[in-house]
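K.L.:
The file below is upload38.cif, mmCIF, C-alpha atoms and all ligand atoms:
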```cif
data_final
#
loop_
_atom_site.group_PDB
_atom_site.id
_atom_site.type_symbol
_atom_site.label_atom_id
_atom_site.label_comp_id
_atom_site.auth_asym_id
_atom_site.auth_seq_id
_atom_site.Cartn_x
_atom_site.Cartn_y
_atom_site.Cartn_z
ATOM 1 C CA MET A 169 -11.146 14.675 -5.751
ATOM 2 C CA LEU A 170 -8.937 11.649 -6.084
ATOM 3 C CA ILE A 171 -5.763 11.870 -4.007
ATOM 4 C CA VAL A 172 -2.914 9.373 -4.232
ATOM 5 C CA ILE A 173 0.030 8.775 -1.938
ATOM 6 C CA ASP A 174 2.924 6.593 -3.112
ATOM 7 C CA GLY A 175 6.222 5.847 -1.451
ATOM 8 C CA PRO A 176 8.434 3.152 0.081
ATOM 9 C CA ALA A 177 7.508 0.940 3.038
ATOM 10 C CA GLY A 178 7.485 2.650 6.412
ATOM 11 C CA ALA A 179 7.386 6.248 5.146
ATOM 12 C CA GLY A 180 4.130 6.728 7.059
ATOM 13 C CA LYS A 181 1.769 6.361 4.096
ATOM 14 C CA THR A 182 -0.864 4.401 6.000
ATOM 15 C CA THR A 183 -1.078 6.718 9.013
ATOM 16 C CA VAL A 184 -0.969 9.841 6.873
ATOM 17 C CA SER A 185 -3.424 8.590 4.219
ATOM 18 C CA ARG A 186 -5.907 7.495 6.856
ATOM 19 C CA ALA A 187 -5.672 10.843 8.694
ATOM 20 C CA LEU A 188 -5.935 12.841 5.478
ATOM 21 C CA ALA A 189 -8.999 10.845 4.378
ATOM 22 C CA GLU A 190 -10.605 11.374 7.760
ATOM 23 C CA ARG A 191 -10.004 15.140 7.702
ATOM 24 C CA LEU A 192 -11.524 15.357 4.213
ATOM 25 C CA GLY A 193 -14.386 12.929 4.875
ATOM 26 C CA TYR A 194 -13.030 10.742 2.060
ATOM 27 C CA LYS A 195 -12.659 6.976 1.925
ATOM 28 C CA TYR A 196 -9.192 5.496 2.347
ATOM 29 C CA ILE A 197 -7.911 2.579 0.269
ATOM 30 C CA ASP A 198 -4.746 0.689 1.213
ATOM 31 C CA THR A 199 -3.742 -0.991 -2.051
ATOM 32 C CA GLY A 200 -0.804 -2.786 -0.402
ATOM 33 C CA ALA A 201 -3.431 -4.795 1.487
ATOM 34 C CA LEU A 202 -4.708 -6.096 -1.865
ATOM 35 C CA TYR A 203 -1.233 -7.410 -2.784
ATOM 36 C CA ARG A 204 -1.067 -8.919 0.693
ATOM 37 C CA GLY A 205 -4.493 -10.496 0.066
ATOM 38 C CA VAL A 206 -3.135 -12.145 -3.079
ATOM 39 C CA ALA A 207 -0.100 -13.368 -1.113
ATOM 40 C CA TYR A 208 -2.415 -14.733 1.586
ATOM 41 C CA GLU A 209 -4.306 -16.791 -1.002
ATOM 42 C CA ILE A 210 -1.085 -17.983 -2.689
ATOM 43 C CA LEU A 211 0.072 -19.290 0.675
ATOM 44 C CA ALA A 212 -3.299 -20.693 1.778
ATOM 45 C CA ARG A 213 -3.702 -22.613 -1.486
ATOM 46 C CA GLY A 214 -0.083 -23.732 -1.675
ATOM 47 C CA ILE A 215 0.469 -22.162 -5.099
ATOM 48 C CA ASP A 216 4.001 -21.693 -6.420
ATOM 49 C CA PRO A 217 4.229 -17.944 -7.233
ATOM 50 C CA ASP A 218 6.209 -18.858 -10.369
ATOM 51 C CA ASP A 219 3.453 -21.194 -11.596
ATOM 52 C CA GLN A 220 1.797 -18.959 -14.189
ATOM 53 C CA ASP A 221 -1.276 -21.194 -14.650
ATOM 54 C CA GLY A 222 -1.865 -21.602 -10.923
ATOM 55 C CA LEU A 223 -1.544 -17.876 -10.444
ATOM 56 C CA SER A 224 -3.900 -17.086 -13.337
ATOM 57 C CA LEU A 225 -6.541 -19.455 -11.971
ATOM 58 C CA LEU A 226 -6.277 -17.876 -8.538
ATOM 59 C CA LEU A 227 -6.633 -14.392 -10.013
ATOM 60 C CA THR A 228 -9.665 -15.364 -12.097
ATOM 61 C CA ASN A 229 -11.471 -16.432 -8.945
ATOM 62 C CA LEU A 230 -10.082 -13.674 -6.743
ATOM 63 C CA ASP A 231 -12.717 -11.934 -4.647
ATOM 64 C CA LEU A 232 -11.078 -9.236 -2.522
ATOM 65 C CA ARG A 233 -13.121 -6.397 -1.055
ATOM 66 C CA PHE A 234 -12.910 -3.815 1.675
ATOM 67 C CA GLU A 235 -15.858 -3.563 4.028
ATOM 68 C CA ARG A 236 -16.546 -1.127 6.785
ATOM 69 C CA THR A 237 -17.351 -2.992 10.008
ATOM 70 C CA ALA A 238 -17.667 -2.006 13.673
ATOM 71 C CA GLU A 239 -13.902 -2.633 13.883
ATOM 72 C CA GLY A 240 -13.152 -0.262 11.014
ATOM 73 C CA MET A 241 -12.230 -1.027 7.416
ATOM 74 C CA ARG A 242 -11.499 -4.756 6.975
ATOM 75 C CA LEU A 243 -10.243 -6.798 4.018
ATOM 76 C CA PHE A 244 -12.328 -9.808 3.002
ATOM 77 C CA SER A 245 -11.217 -12.568 0.653
ATOM 78 C CA SER A 246 -14.100 -14.694 -0.651
ATOM 79 C CA GLY A 247 -16.149 -13.624 2.353
ATOM 80 C CA THR A 248 -13.489 -14.321 5.010
ATOM 81 C CA ASP A 249 -12.025 -11.459 7.040
ATOM 82 C CA ILE A 250 -8.245 -11.840 6.487
ATOM 83 C CA THR A 251 -7.181 -8.444 7.907
ATOM 84 C CA ASP A 252 -5.406 -9.914 10.924
ATOM 85 C CA TYR A 253 -3.371 -12.413 8.891
ATOM 86 C CA ILE A 254 -1.740 -10.266 6.205
ATOM 87 C CA ARG A 255 0.981 -8.439 8.186
ATOM 88 C CA THR A 256 3.307 -11.362 8.970
ATOM 89 C CA PRO A 257 6.915 -11.147 7.683
ATOM 90 C CA GLN A 258 6.212 -14.145 5.408
ATOM 91 C CA ILE A 259 3.177 -12.517 3.769
ATOM 92 C CA THR A 260 5.093 -9.225 3.550
ATOM 93 C CA MET A 261 7.912 -10.739 1.474
ATOM 94 C CA LEU A 262 5.501 -12.887 -0.587
ATOM 95 C CA ALA A 263 3.348 -9.825 -1.362
ATOM 96 C CA SER A 264 6.440 -8.056 -2.682
ATOM 97 C CA ALA A 265 7.323 -11.082 -4.856
ATOM 98 C CA ALA A 266 3.726 -11.409 -6.109
ATOM 99 C CA SER A 267 3.556 -7.686 -6.874
ATOM 100 C CA ALA A 268 6.388 -8.092 -9.416
ATOM 101 C CA LYS A 269 4.187 -10.406 -11.532
ATOM 102 C CA PRO A 270 2.438 -8.551 -14.368
ATOM 103 C CA VAL A 271 -0.623 -10.889 -14.161
ATOM 104 C CA VAL A 272 -1.103 -9.935 -10.518
ATOM 105 C CA ARG A 273 -0.738 -6.215 -11.260
ATOM 106 C CA GLN A 274 -3.213 -6.457 -14.147
ATOM 107 C CA ALA A 275 -5.820 -8.206 -12.014
ATOM 108 C CA LEU A 276 -5.500 -5.628 -9.248
ATOM 109 C CA LEU A 277 -5.454 -2.714 -11.697
ATOM 110 C CA ASP A 278 -9.100 -3.209 -12.676
ATOM 111 C CA LEU A 279 -10.116 -3.778 -9.082
ATOM 112 C CA GLN A 280 -8.417 -0.560 -7.919
ATOM 113 C CA ARG A 281 -9.820 1.546 -10.758
ATOM 114 C CA GLY A 282 -13.305 0.290 -9.920
ATOM 115 C CA MET A 283 -12.804 1.367 -6.322
ATOM 116 C CA GLY A 284 -11.702 4.838 -7.457
ATOM 117 C CA LYS A 285 -14.662 5.539 -9.755
ATOM 118 C CA GLN A 286 -16.569 7.611 -7.248
ATOM 119 C CA LYS A 287 -13.512 9.679 -6.282
ATOM 120 C CA ALA A 288 -13.618 11.346 -2.811
ATOM 121 C CA ALA A 289 -10.849 8.910 -1.934
ATOM 122 C CA VAL A 290 -7.243 8.715 -0.784
ATOM 123 C CA PHE A 291 -5.398 5.789 -2.374
ATOM 124 C CA GLU A 292 -2.131 4.607 -0.888
ATOM 125 C CA GLY A 293 0.380 2.423 -2.758
ATOM 126 C CA ARG A 294 3.453 2.276 -4.974
ATOM 127 C CA ASP A 295 2.148 3.026 -8.466
ATOM 128 C CA MET A 296 -1.021 5.006 -7.815
ATOM 129 C CA GLY A 297 0.247 8.202 -9.457
ATOM 130 C CA THR A 298 2.232 6.527 -12.239
ATOM 131 C CA VAL A 299 -0.010 3.684 -13.435
ATOM 132 C CA VAL A 300 -3.334 3.178 -11.672
ATOM 133 C CA PHE A 301 -4.537 6.790 -11.491
ATOM 134 C CA PRO A 302 -2.316 8.893 -13.791
ATOM 135 C CA ASP A 303 -5.071 11.550 -13.794
ATOM 136 C CA ALA A 304 -5.390 11.804 -10.010
ATOM 137 C CA ASP A 305 -6.154 15.335 -8.793
ATOM 138 C CA VAL A 306 -3.291 15.458 -6.278
ATOM 139 C CA LYS A 307 -0.286 13.120 -6.192
ATOM 140 C CA PHE A 308 2.053 12.817 -3.238
ATOM 141 C CA PHE A 309 5.275 10.834 -2.937
ATOM 142 C CA LEU A 310 6.056 10.297 0.725
ATOM 143 C CA THR A 311 9.592 9.308 1.740
ATOM 144 C CA ALA A 312 11.796 9.092 4.844
ATOM 145 C CA ASP A 313 15.304 7.833 5.640
ATOM 146 C CA LEU A 314 15.629 4.043 5.763
ATOM 147 C CA LYS A 315 16.673 3.971 9.439
ATOM 148 C CA VAL A 316 13.666 6.040 10.497
ATOM 149 C CA ARG A 317 11.317 3.915 8.408
ATOM 150 C CA ALA A 318 12.724 0.685 9.870
ATOM 151 C CA MET A 319 12.351 2.003 13.413
ATOM 152 C CA ARG A 320 8.725 3.004 12.770
ATOM 153 C CA ARG A 321 7.894 -0.394 11.316
ATOM 154 C CA PHE A 322 9.698 -2.147 14.202
ATOM 155 C CA GLU A 323 7.632 -0.210 16.751
ATOM 156 C CA GLU A 324 4.466 -0.868 14.799
ATOM 157 C CA LEU A 325 5.098 -4.624 14.776
ATOM 158 C CA GLY A 326 5.292 -4.503 18.556
ATOM 159 C CA ARG A 327 6.933 -6.772 21.081
ATOM 160 C CA THR A 328 5.182 -9.890 19.882
ATOM 161 C CA SER A 329 7.160 -9.738 16.636
ATOM 162 C CA SER A 330 9.889 -12.312 16.137
ATOM 163 C CA GLN A 331 12.015 -9.842 14.180
ATOM 164 C CA SER A 332 14.835 -7.651 15.505
ATOM 165 C CA LEU A 333 15.263 -4.050 14.376
ATOM 166 C CA GLU A 334 18.180 -5.141 12.168
ATOM 167 C CA GLN A 335 16.016 -7.804 10.506
ATOM 168 C CA VAL A 336 13.221 -5.312 9.900
ATOM 169 C CA GLU A 337 15.704 -2.855 8.363
ATOM 170 C CA ASN A 338 17.279 -5.562 6.252
ATOM 171 C CA ASP A 339 13.897 -6.833 4.962
ATOM 172 C CA MET A 340 12.875 -3.275 4.242
ATOM 173 C CA GLN A 341 16.013 -2.571 2.233
ATOM 174 C CA ILE A 342 15.499 -5.724 0.157
ATOM 175 C CA ARG A 343 11.845 -4.847 -0.400
ATOM 176 C CA ASP A 344 12.667 -1.236 -1.373
ATOM 177 C CA SER A 345 15.181 -2.446 -3.878
ATOM 178 C CA ASP A 346 12.856 -5.183 -5.269
ATOM 179 C CA ASP A 347 9.875 -2.807 -5.464
ATOM 180 C CA SER A 348 11.947 -0.096 -7.181
ATOM 181 C CA SER A 349 13.827 -2.294 -9.629
ATOM 182 C CA ARG A 350 11.021 -4.560 -10.871
ATOM 183 C CA GLU A 351 10.016 -4.137 -14.488
ATOM 184 C CA ALA A 352 6.261 -4.015 -13.894
ATOM 185 C CA SER A 353 5.227 -0.659 -12.423
ATOM 186 C CA PRO A 354 8.302 -0.004 -10.286
ATOM 187 C CA LEU A 355 8.061 2.235 -7.247
ATOM 188 C CA LYS A 356 8.917 5.735 -8.446
ATOM 189 C CA PRO A 357 7.440 9.205 -8.106
ATOM 190 C CA ALA A 358 5.108 10.370 -10.872
ATOM 191 C CA GLU A 359 6.523 13.345 -12.755
ATOM 192 C CA ASP A 360 3.826 15.579 -11.316
ATOM 193 C CA ALA A 361 3.992 14.152 -7.777
ATOM 194 C CA ILE A 362 4.687 16.442 -4.835
ATOM 195 C CA GLN A 363 7.497 14.936 -2.766
ATOM 196 C CA VAL A 364 7.135 15.062 1.010
ATOM 197 C CA ASP A 365 9.938 13.874 3.314
ATOM 198 C CA SER A 366 8.612 12.721 6.691
ATOM 199 C CA THR A 367 12.001 11.950 8.297
ATOM 200 C CA ASP A 368 11.892 14.818 10.786
ATOM 201 C CA LYS A 369 8.173 15.567 10.745
ATOM 202 C CA THR A 370 5.304 14.412 12.914
ATOM 203 C CA VAL A 371 2.189 12.925 11.358
ATOM 204 C CA GLU A 372 0.260 16.122 12.165
ATOM 205 C CA VAL A 373 2.790 18.310 10.362
ATOM 206 C CA VAL A 374 2.762 16.089 7.280
ATOM 207 C CA VAL A 375 -1.048 15.894 7.177
ATOM 208 C CA ASP A 376 -1.407 19.673 7.605
ATOM 209 C CA GLU A 377 1.098 20.233 4.803
ATOM 210 C CA MET A 378 -0.846 17.884 2.520
ATOM 211 C CA LEU A 379 -4.205 19.396 3.443
ATOM 212 C CA ASP A 380 -2.947 22.839 2.428
ATOM 213 C CA ILE A 381 -1.875 21.452 -0.933
ATOM 214 C CA VAL A 382 -5.198 19.624 -1.436
ATOM 215 C CA GLN A 383 -7.177 22.732 -0.536
ATOM 216 C CA ALA A 384 -5.116 24.843 -2.919
ATOM 217 C CA ALA A 385 -5.758 22.284 -5.657
ATOM 218 C CA ALA A 386 -9.504 22.294 -4.895
ATOM 219 C CA GLY A 387 -9.578 26.083 -5.299
ATOM 220 C CA ARG A 388 -7.894 26.000 -8.701
HETATM 221 O O1 LIG A 401 2.309 -1.111 1.401
HETATM 222 P P1 LIG A 401 2.550 -2.553 1.782
HETATM 223 O O2 LIG A 401 3.829 -2.798 2.501
HETATM 224 O O3 LIG A 401 1.375 -3.145 2.503
HETATM 225 O O4 LIG A 401 2.646 -3.318 0.357
HETATM 226 C C1 LIG A 401 2.904 -4.687 0.252
HETATM 227 C C2 LIG A 401 3.633 -4.981 -1.060
HETATM 228 O O5 LIG A 401 2.761 -4.740 -2.150
HETATM 229 C C3 LIG A 401 4.866 -4.117 -1.313
HETATM 230 O O6 LIG A 401 6.052 -4.868 -1.188
HETATM 231 C C4 LIG A 401 4.758 -3.615 -2.706
HETATM 232 C C5 LIG A 401 3.430 -4.071 -3.191
HETATM 233 N N1 LIG A 401 2.581 -2.981 -3.646
HETATM 234 C C6 LIG A 401 2.678 -2.634 -4.973
HETATM 235 O O7 LIG A 401 3.492 -3.199 -5.699
HETATM 236 N N2 LIG A 401 1.859 -1.690 -5.483
HETATM 237 C C7 LIG A 401 0.971 -1.055 -4.705
HETATM 238 N N3 LIG A 401 0.171 -0.137 -5.223
HETATM 239 C C8 LIG A 401 0.905 -1.359 -3.315
HETATM 240 C C9 LIG A 401 1.739 -2.318 -2.823
#
```
Represent the structure from my file as structure tokens, please.
P.N.:
Amino acid sequence: MLIVIDGPAGAGKTTVSRALAERLGYKYIDTGALYRGVAYEILARGIDPDDQDGLSLLLTNLDLRFERTAEGMRLFSSGTDITDYIRTPQITMLASAASAKPVVRQALLDLQRGMGKQKAAVFEGRDMGTVVFPDADVKFFLTADLKVRAMRRFEELGRTSSQSLEQVENDMQIRDSDDSSREASPLKPAEDAIQVDSTDKTVEVVVDEMLDIVQAAAGR
């Protein structure tokens, strides 16, 4: 089956998607990492994100792929492992800006659909259920209150982060609003998505809840 999980930043999509994929023996694809990969290249090559030609050229030559290594799933761009460089606040905001560009979304659309061909996968993102995989077998929309999401992200960033909790919350609010209000594939639940609120739930509870739903869908 093909399972998709959409939702805002910090709702727990990554942890939950990874755990769900593991329990099912499926592969897990973090599509946000692909947008971050594009942002990484924009920054590395000094491209102005509003320069349509520069962006198009970058996308024509884009070579992003996930590879399983001894350290787990890693993201490679043109053969270089960029996994450790795509979670900075600068890349985070640039990925959000880049993701509003239709040319970027189009380029990543084909890439994502190719990755989903063999099914047996859990895809995490913002528009998985609405645009990329409208025919997915099970669609989840995972949410949580902003304050809880900001706290989770703050803890995840760890002590080495230069950002305060307030800054994380503020960035998150801006990103939520940008991701939801953009014209190209805005963040929104698919009509047939099952909404799950993780505000007061542990990861285990959420994953168990989703597994039940997936198993019920498999038996249909
Ligand atoms: O999930 P994330 O924070 O790693 O995603 C980074 C950015 O990419 C986020 O601001 C929105 C964008 N994104 C998107 O537009 N569509 C997706 N399917 C996944 C992420």
K.L.:
Name the residues captured by the PyMOL selection byres (((chain A and resi 368-375) around 10) and not hetatm) when it is applied to the shown file; answer as a count of residues only.
P.N.:
24
K.L.:
Could you report the residues within 7 Å of ligand LIG 401 (chain A), using all atoms listed in the file, as a short mmCIF file (atom, residue, chain, number, x, y, z; two decimals) with C-alpha atoms, keeping the file's coordinate frame?
P.N.:
```
data_model
loop_
_atom_site.label_atom_id
_atom_site.label_comp_id
_atom_site.auth_asym_id
_atom_site.auth_seq_id
_atom_site.Cartn_x
_atom_site.Cartn_y
_atom_site.Cartn_z
CA ALA A 177 7.51 0.94 3.04
CA THR A 199 -3.74 -0.99 -2.05
CA GLY A 200 -0.80 -2.79 -0.40
CA ALA A 201 -3.43 -4.80 1.49
CA TYR A 203 -1.23 -7.41 -2.78
CA ARG A 204 -1.07 -8.92 0.69
CA THR A 260 5.09 -9.22 3.55
CA MET A 261 7.91 -10.74 1.47
CA ALA A 263 3.35 -9.82 -1.36
CA SER A 264 6.44 -8.06 -2.68
CA SER A 267 3.56 -7.69 -6.87
CA ALA A 268 6.39 -8.09 -9.42
CA GLU A 292 -2.13 4.61 -0.89
CA GLY A 293 0.38 2.42 -2.76
CA ARG A 294 3.45 2.28 -4.97
CA ASP A 295 2.15 3.03 -8.47
CA MET A 296 -1.02 5.01 -7.82
CA ARG A 343 11.84 -4.85 -0.40
CA ASP A 347 9.88 -2.81 -5.46
#
```
K.L.:
Return as a list of chain:residue names the set of residues that the PyMOL selection byres (((chain A and resi 276) around 10) and not hetatm) yields on the displayed structure.
P.N.:
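With the shown file as input, the PyMOL selection byres (((chain A and resi 276) around 10) and not hetatm) matches A:Thr199, A:Leu202, A:Tyr203, A:Val206, A:Leu227, A:Leu230, A:Leu232, A:Ser267, A:Pro270, A:Val271, A:Val272, A:Arg273, A:Gln274, A:Ala275, A:Leu277, A:Asp278, A:Leu279, A:Gln280, A:Arg281, A:Gly282, A:Val300.
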K.L.:
Taking all atoms listed in the file into account, which of A:Leu211, A:Ala361, A:Ile173, A:Val306 comes nearest Leu223 in chain A?
P.N.:
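Distance minimum relative to Leu223 in chain A lands on A:Leu211.
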K.L.:
Of the candidates A:Ser348, A:Gly247, A:Pro257, A:Ala266, which one gets nearest to Ser224 in chain A if we count only C-alpha atoms?
P.N.:
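Closest to Ser224 in chain A, using only C-alpha atoms: A:Ala266.
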K.L.:
Written as a list in words, what is the full residue list that the PyMOL selection byres (((chain A and resi 252) around 12) and not hetatm) yields on the file shown?
P.N.:
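With the PyMOL selection byres (((chain A and resi 252) around 12) and not hetatm) on this model, the match is Ala201, Arg204, Gly205, Tyr208, Glu239, Met241, Arg242, Leu243, Phe244, Thr248, Asp249, Ile250, Thr251, Tyr253, Ile254, Arg255, Thr256 and Ile259 of chain A.
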K.L.:
Go through A:Met319, A:Asp219, A:Phe308, A:Asp303 and flag the residue nearest Gln331 in chain A, using all atoms listed in the file for the distances.
P.N.:
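With all atoms listed in the file as the atom set, the closest residue is A:Met319.
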K.L.:
Would you work out the distance separating CA of Ala179 in chain A from CA of Thr311 in chain A, expressed in Å to one decimal?
P.N.:
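Pair CA of Ala179 in chain A / CA of Thr311 in chain A returns 5.1 Å.
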K.L.:
Mind pulling up the distance from CA of Lys195 in chain A to CA of Arg350 in chain A?
P.N.:
29.3 Å
